[in-house]
Amino acid sequence: MKEPRTLAEAHALLSPLCPDPSRPLAERLAFYRRSAQVYERIAEIDRAHHHEALYWVSRERAKAEEIEGRIRQQREVSGRVDSAG
């Protein structure tokens with residue numbers, strides 16, 4: 001698959017790959033981390049859309065951080081349940 005060189009190409013590549021919210025958190029986390037990397041590269045290549053691409057970097061990282069928090073929370077709850085038994 002050809003690497004995207006414009007913001008539009010990045011959107012076209014990533015949008016169909018976005019996992020459904022019902023998918024496992026780890027799968028969704030991997031997608032958002034990869035997506036942030038793609039947009040970060042686009043910000044340097046597609047200079048006409050630099051700031052917009054940086055917005056997408058920030059957005060995708062925020063989504064990844066939210067999912068990381070949910071994973072941590074699940075592990076903490078799971079650890080409490082395991083130690084209570």
# chains A, B, ... in the order shown; residues from 1 in each chain; ligands from 1
>>> residues_around(residues="region 26-42 of chain A", least_positions_apart="4", cutoff="7 Å", atoms="only C-alpha atoms", output="PDB file with all heavy atoms, in the first residue's frame")
ATOM      1  N   ARG A   5       0.689  10.959   1.149  1.00  0.00           N
ATOM      2  CA  ARG A   5       1.569  12.125   1.053  1.00  0.00           C
ATOM      3  C   ARG A   5       0.800  13.420   1.290  1.00  0.00           C
ATOM      4  O   ARG A   5       1.406  14.476   1.342  1.00  0.00           O
ATOM      5  CB  ARG A   5       2.252  12.154  -0.311  1.00  0.00           C
ATOM      6  CG  ARG A   5       2.949  10.857  -0.624  1.00  0.00           C
ATOM      7  CD  ARG A   5       4.396  10.846  -1.006  1.00  0.00           C
ATOM      8  NE  ARG A   5       5.128  12.055  -1.117  1.00  0.00           N
ATOM      9  CZ  ARG A   5       6.165  12.370  -0.312  1.00  0.00           C
ATOM     10  NH1 ARG A   5       6.521  11.567   0.661  1.00  0.00           N
ATOM     11  NH2 ARG A   5       6.836  13.480  -0.505  1.00  0.00           N
ATOM     12  N   THR A   6      -0.507  13.332   1.397  1.00  0.00           N
ATOM     13  CA  THR A   6      -1.323  14.519   1.662  1.00  0.00           C
ATOM     14  C   THR A   6      -2.296  14.195   2.798  1.00  0.00           C
ATOM     15  O   THR A   6      -2.542  13.028   3.107  1.00  0.00           O
ATOM     16  CB  THR A   6      -2.143  14.945   0.422  1.00  0.00           C
ATOM     17  OG1 THR A   6      -3.110  13.924   0.148  1.00  0.00           O
ATOM     18  CG2 THR A   6      -1.263  15.187  -0.797  1.00  0.00           C
ATOM     19  N   LEU A   7      -2.853  15.243   3.371  1.00  0.00           N
ATOM     20  CA  LEU A   7      -3.837  15.048   4.432  1.00  0.00           C
ATOM     21  C   LEU A   7      -5.042  14.278   3.901  1.00  0.00           C
ATOM     22  O   LEU A   7      -5.545  13.370   4.562  1.00  0.00           O
ATOM     23  CB  LEU A   7      -4.260  16.404   5.006  1.00  0.00           C
ATOM     24  CG  LEU A   7      -5.192  16.356   6.202  1.00  0.00           C
ATOM     25  CD1 LEU A   7      -4.580  15.580   7.364  1.00  0.00           C
ATOM     26  CD2 LEU A   7      -5.562  17.770   6.632  1.00  0.00           C
ATOM     27  N   LEU A  14      -6.883   6.069   6.483  1.00  0.00           N
ATOM     28  CA  LEU A  14      -7.175   5.733   7.874  1.00  0.00           C
ATOM     29  C   LEU A  14      -8.663   5.546   8.180  1.00  0.00           C
ATOM     30  O   LEU A  14      -9.021   4.702   9.002  1.00  0.00           O
ATOM     31  CB  LEU A  14      -6.584   6.795   8.797  1.00  0.00           C
ATOM     32  CG  LEU A  14      -5.059   6.867   8.787  1.00  0.00           C
ATOM     33  CD1 LEU A  14      -4.579   8.109   9.510  1.00  0.00           C
ATOM     34  CD2 LEU A  14      -4.459   5.611   9.396  1.00  0.00           C
ATOM     35  N   CYS A  18     -10.502   2.526  10.857  1.00  0.00           N
ATOM     36  CA  CYS A  18     -10.866   2.862  12.232  1.00  0.00           C
ATOM     37  C   CYS A  18     -11.731   1.753  12.824  1.00  0.00           C
ATOM     38  O   CYS A  18     -12.786   1.428  12.287  1.00  0.00           O
ATOM     39  CB  CYS A  18     -11.614   4.183  12.275  1.00  0.00           C
ATOM     40  SG  CYS A  18     -11.977   4.725  13.953  1.00  0.00           S
ATOM     41  N   PRO A  19     -11.275   1.150  13.930  1.00  0.00           N
ATOM     42  CA  PRO A  19     -12.041   0.047  14.498  1.00  0.00           C
ATOM     43  C   PRO A  19     -13.344   0.512  15.138  1.00  0.00           C
ATOM     44  O   PRO A  19     -13.419   1.602  15.703  1.00  0.00           O
ATOM     45  CB  PRO A  19     -11.107  -0.550  15.547  1.00  0.00           C
ATOM     46  CG  PRO A  19      -9.990   0.389  15.716  1.00  0.00           C
ATOM     47  CD  PRO A  19     -10.037   1.396  14.618  1.00  0.00           C
ATOM     48  N   ASP A  46       2.892  17.548   3.894  1.00  0.00           N
ATOM     49  CA  ASP A  46       1.837  18.369   3.276  1.00  0.00           C
ATOM     50  C   ASP A  46       1.794  19.714   4.002  1.00  0.00           C
ATOM     51  O   ASP A  46       0.931  19.979   4.828  1.00  0.00           O
ATOM     52  CB  ASP A  46       0.489  17.634   3.387  1.00  0.00           C
ATOM     53  CG  ASP A  46      -0.643  18.347   2.653  1.00  0.00           C
ATOM     54  OD1 ASP A  46      -0.403  19.423   2.071  1.00  0.00           O
ATOM     55  OD2 ASP A  46      -1.777  17.819   2.682  1.00  0.00           O
ATOM     56  N   ALA A  53      -3.135  19.045  10.031  1.00  0.00           N
ATOM     57  CA  ALA A  53      -2.576  17.719  10.329  1.00  0.00           C
ATOM     58  C   ALA A  53      -2.155  17.638  11.802  1.00  0.00           C
ATOM     59  O   ALA A  53      -2.357  16.613  12.453  1.00  0.00           O
ATOM     60  CB  ALA A  53      -1.396  17.419   9.411  1.00  0.00           C
ATOM     61  N   LEU A  54      -1.597  18.736  12.335  1.00  0.00           N
ATOM     62  CA  LEU A  54      -1.231  18.756  13.751  1.00  0.00           C
ATOM     63  C   LEU A  54      -2.461  18.630  14.647  1.00  0.00           C
ATOM     64  O   LEU A  54      -2.397  18.007  15.711  1.00  0.00           O
ATOM     65  CB  LEU A  54      -0.447  20.017  14.093  1.00  0.00           C
ATOM     66  CG  LEU A  54       0.967  20.092  13.512  1.00  0.00           C
ATOM     67  CD1 LEU A  54       1.615  21.413  13.891  1.00  0.00           C
ATOM     68  CD2 LEU A  54       1.821  18.912  13.970  1.00  0.00           C
ATOM     69  N   TRP A  56      -5.038  16.844  13.896  1.00  0.00           N
ATOM     70  CA  TRP A  56      -5.359  15.421  13.865  1.00  0.00           C
ATOM     71  C   TRP A  56      -4.386  14.615  14.718  1.00  0.00           C
ATOM     72  O   TRP A  56      -4.769  13.630  15.353  1.00  0.00           O
ATOM     73  CB  TRP A  56      -5.407  14.913  12.421  1.00  0.00           C
ATOM     74  CG  TRP A  56      -6.689  15.324  11.768  1.00  0.00           C
ATOM     75  CD1 TRP A  56      -6.901  16.422  10.991  1.00  0.00           C
ATOM     76  CD2 TRP A  56      -7.952  14.672  11.898  1.00  0.00           C
ATOM     77  NE1 TRP A  56      -8.223  16.484  10.619  1.00  0.00           N
ATOM     78  CE2 TRP A  56      -8.893  15.423  11.156  1.00  0.00           C
ATOM     79  CE3 TRP A  56      -8.386  13.532  12.556  1.00  0.00           C
ATOM     80  CZ2 TRP A  56     -10.230  15.060  11.074  1.00  0.00           C
ATOM     81  CZ3 TRP A  56      -9.710  13.171  12.461  1.00  0.00           C
ATOM     82  CH2 TRP A  56     -10.617  13.931  11.732  1.00  0.00           C
ATOM     83  N   VAL A  57      -3.120  15.011  14.751  1.00  0.00           N
ATOM     84  CA  VAL A  57      -2.150  14.353  15.637  1.00  0.00           C
ATOM     85  C   VAL A  57      -2.644  14.452  17.077  1.00  0.00           C
ATOM     86  O   VAL A  57      -2.713  13.462  17.807  1.00  0.00           O
ATOM     87  CB  VAL A  57      -0.747  14.985  15.511  1.00  0.00           C
ATOM     88  CG1 VAL A  57       0.190  14.442  16.585  1.00  0.00           C
ATOM     89  CG2 VAL A  57      -0.154  14.761  14.131  1.00  0.00           C
ATOM     90  N   GLU A  60      -5.875  12.329  17.695  1.00  0.00           N
ATOM     91  CA  GLU A  60      -5.640  10.889  17.745  1.00  0.00           C
ATOM     92  C   GLU A  60      -4.863  10.505  19.011  1.00  0.00           C
ATOM     93  O   GLU A  60      -5.133   9.475  19.622  1.00  0.00           O
ATOM     94  CB  GLU A  60      -4.915  10.408  16.491  1.00  0.00           C
ATOM     95  CG  GLU A  60      -5.658  10.709  15.180  1.00  0.00           C
ATOM     96  CD  GLU A  60      -7.030  10.076  15.108  1.00  0.00           C
ATOM     97  OE1 GLU A  60      -8.006  10.684  15.615  1.00  0.00           O
ATOM     98  OE2 GLU A  60      -7.150   8.996  14.532  1.00  0.00           O
ATOM     99  N   ARG A  61      -3.917  11.351  19.419  1.00  0.00           N
ATOM    100  CA  ARG A  61      -3.189  11.081  20.661  1.00  0.00           C
ATOM    101  C   ARG A  61      -4.127  11.151  21.863  1.00  0.00           C
ATOM    102  O   ARG A  61      -4.005  10.347  22.788  1.00  0.00           O
ATOM    103  CB  ARG A  61      -2.042  12.068  20.830  1.00  0.00           C
ATOM    104  CG  ARG A  61      -0.857  11.744  19.961  1.00  0.00           C
ATOM    105  CD  ARG A  61       0.297  12.650  20.243  1.00  0.00           C
ATOM    106  NE  ARG A  61       1.427  12.314  19.390  1.00  0.00           N
ATOM    107  CZ  ARG A  61       2.378  13.144  19.056  1.00  0.00           C
ATOM    108  NH1 ARG A  61       2.359  14.396  19.506  1.00  0.00           N
ATOM    109  NH2 ARG A  61       3.355  12.759  18.279  1.00  0.00           N
ATOM    110  N   LYS A  63      -7.294  10.492  21.902  1.00  0.00           N
ATOM    111  CA  LYS A  63      -8.100   9.268  21.892  1.00  0.00           C
ATOM    112  C   LYS A  63      -7.282   8.090  22.430  1.00  0.00           C
ATOM    113  O   LYS A  63      -7.791   7.268  23.200  1.00  0.00           O
ATOM    114  CB  LYS A  63      -8.628   8.975  20.493  1.00  0.00           C
ATOM    115  CG  LYS A  63      -9.761   9.923  20.095  1.00  0.00           C
ATOM    116  CD  LYS A  63     -10.305   9.539  18.730  1.00  0.00           C
ATOM    117  CE  LYS A  63     -11.488  10.387  18.376  1.00  0.00           C
ATOM    118  NZ  LYS A  63     -12.742   9.865  18.909  1.00  0.00           N
ATOM    119  N   ALA A  64      -6.012   8.009  22.027  1.00  0.00           N
ATOM    120  CA  ALA A  64      -5.141   6.939  22.523  1.00  0.00           C
ATOM    121  C   ALA A  64      -4.966   7.056  24.037  1.00  0.00           C
ATOM    122  O   ALA A  64      -5.042   6.046  24.752  1.00  0.00           O
ATOM    123  CB  ALA A  64      -3.783   6.988  21.819  1.00  0.00           C
ATOM    124  N   ILE A  67      -8.039   5.828  25.859  1.00  0.00           N
ATOM    125  CA  ILE A  67      -8.114   4.369  25.839  1.00  0.00           C
ATOM    126  C   ILE A  67      -7.080   3.776  26.795  1.00  0.00           C
ATOM    127  O   ILE A  67      -7.378   2.817  27.517  1.00  0.00           O
ATOM    128  CB  ILE A  67      -7.943   3.826  24.403  1.00  0.00           C
ATOM    129  CG1 ILE A  67      -9.165   4.234  23.563  1.00  0.00           C
ATOM    130  CG2 ILE A  67      -7.744   2.315  24.403  1.00  0.00           C
ATOM    131  CD1 ILE A  67      -9.017   3.985  22.081  1.00  0.00           C
TER     132      ILE A  67
END
>>> select_by_dssp(residues="chain A", states="alpha helix (DSSP H)", output="PyMOL selection string")
chain A and resi 7-14+25-45+50-84
>>> atom_distance(atom1="CA of Arg80 (chain A)", atom2="CA of Ala62 (chain A)")
27.1 Å
>>> atom_distance(atom1="CA of Gly69 (chain A)", atom2="CA of Leu17 (chain A)")
22.3 Å
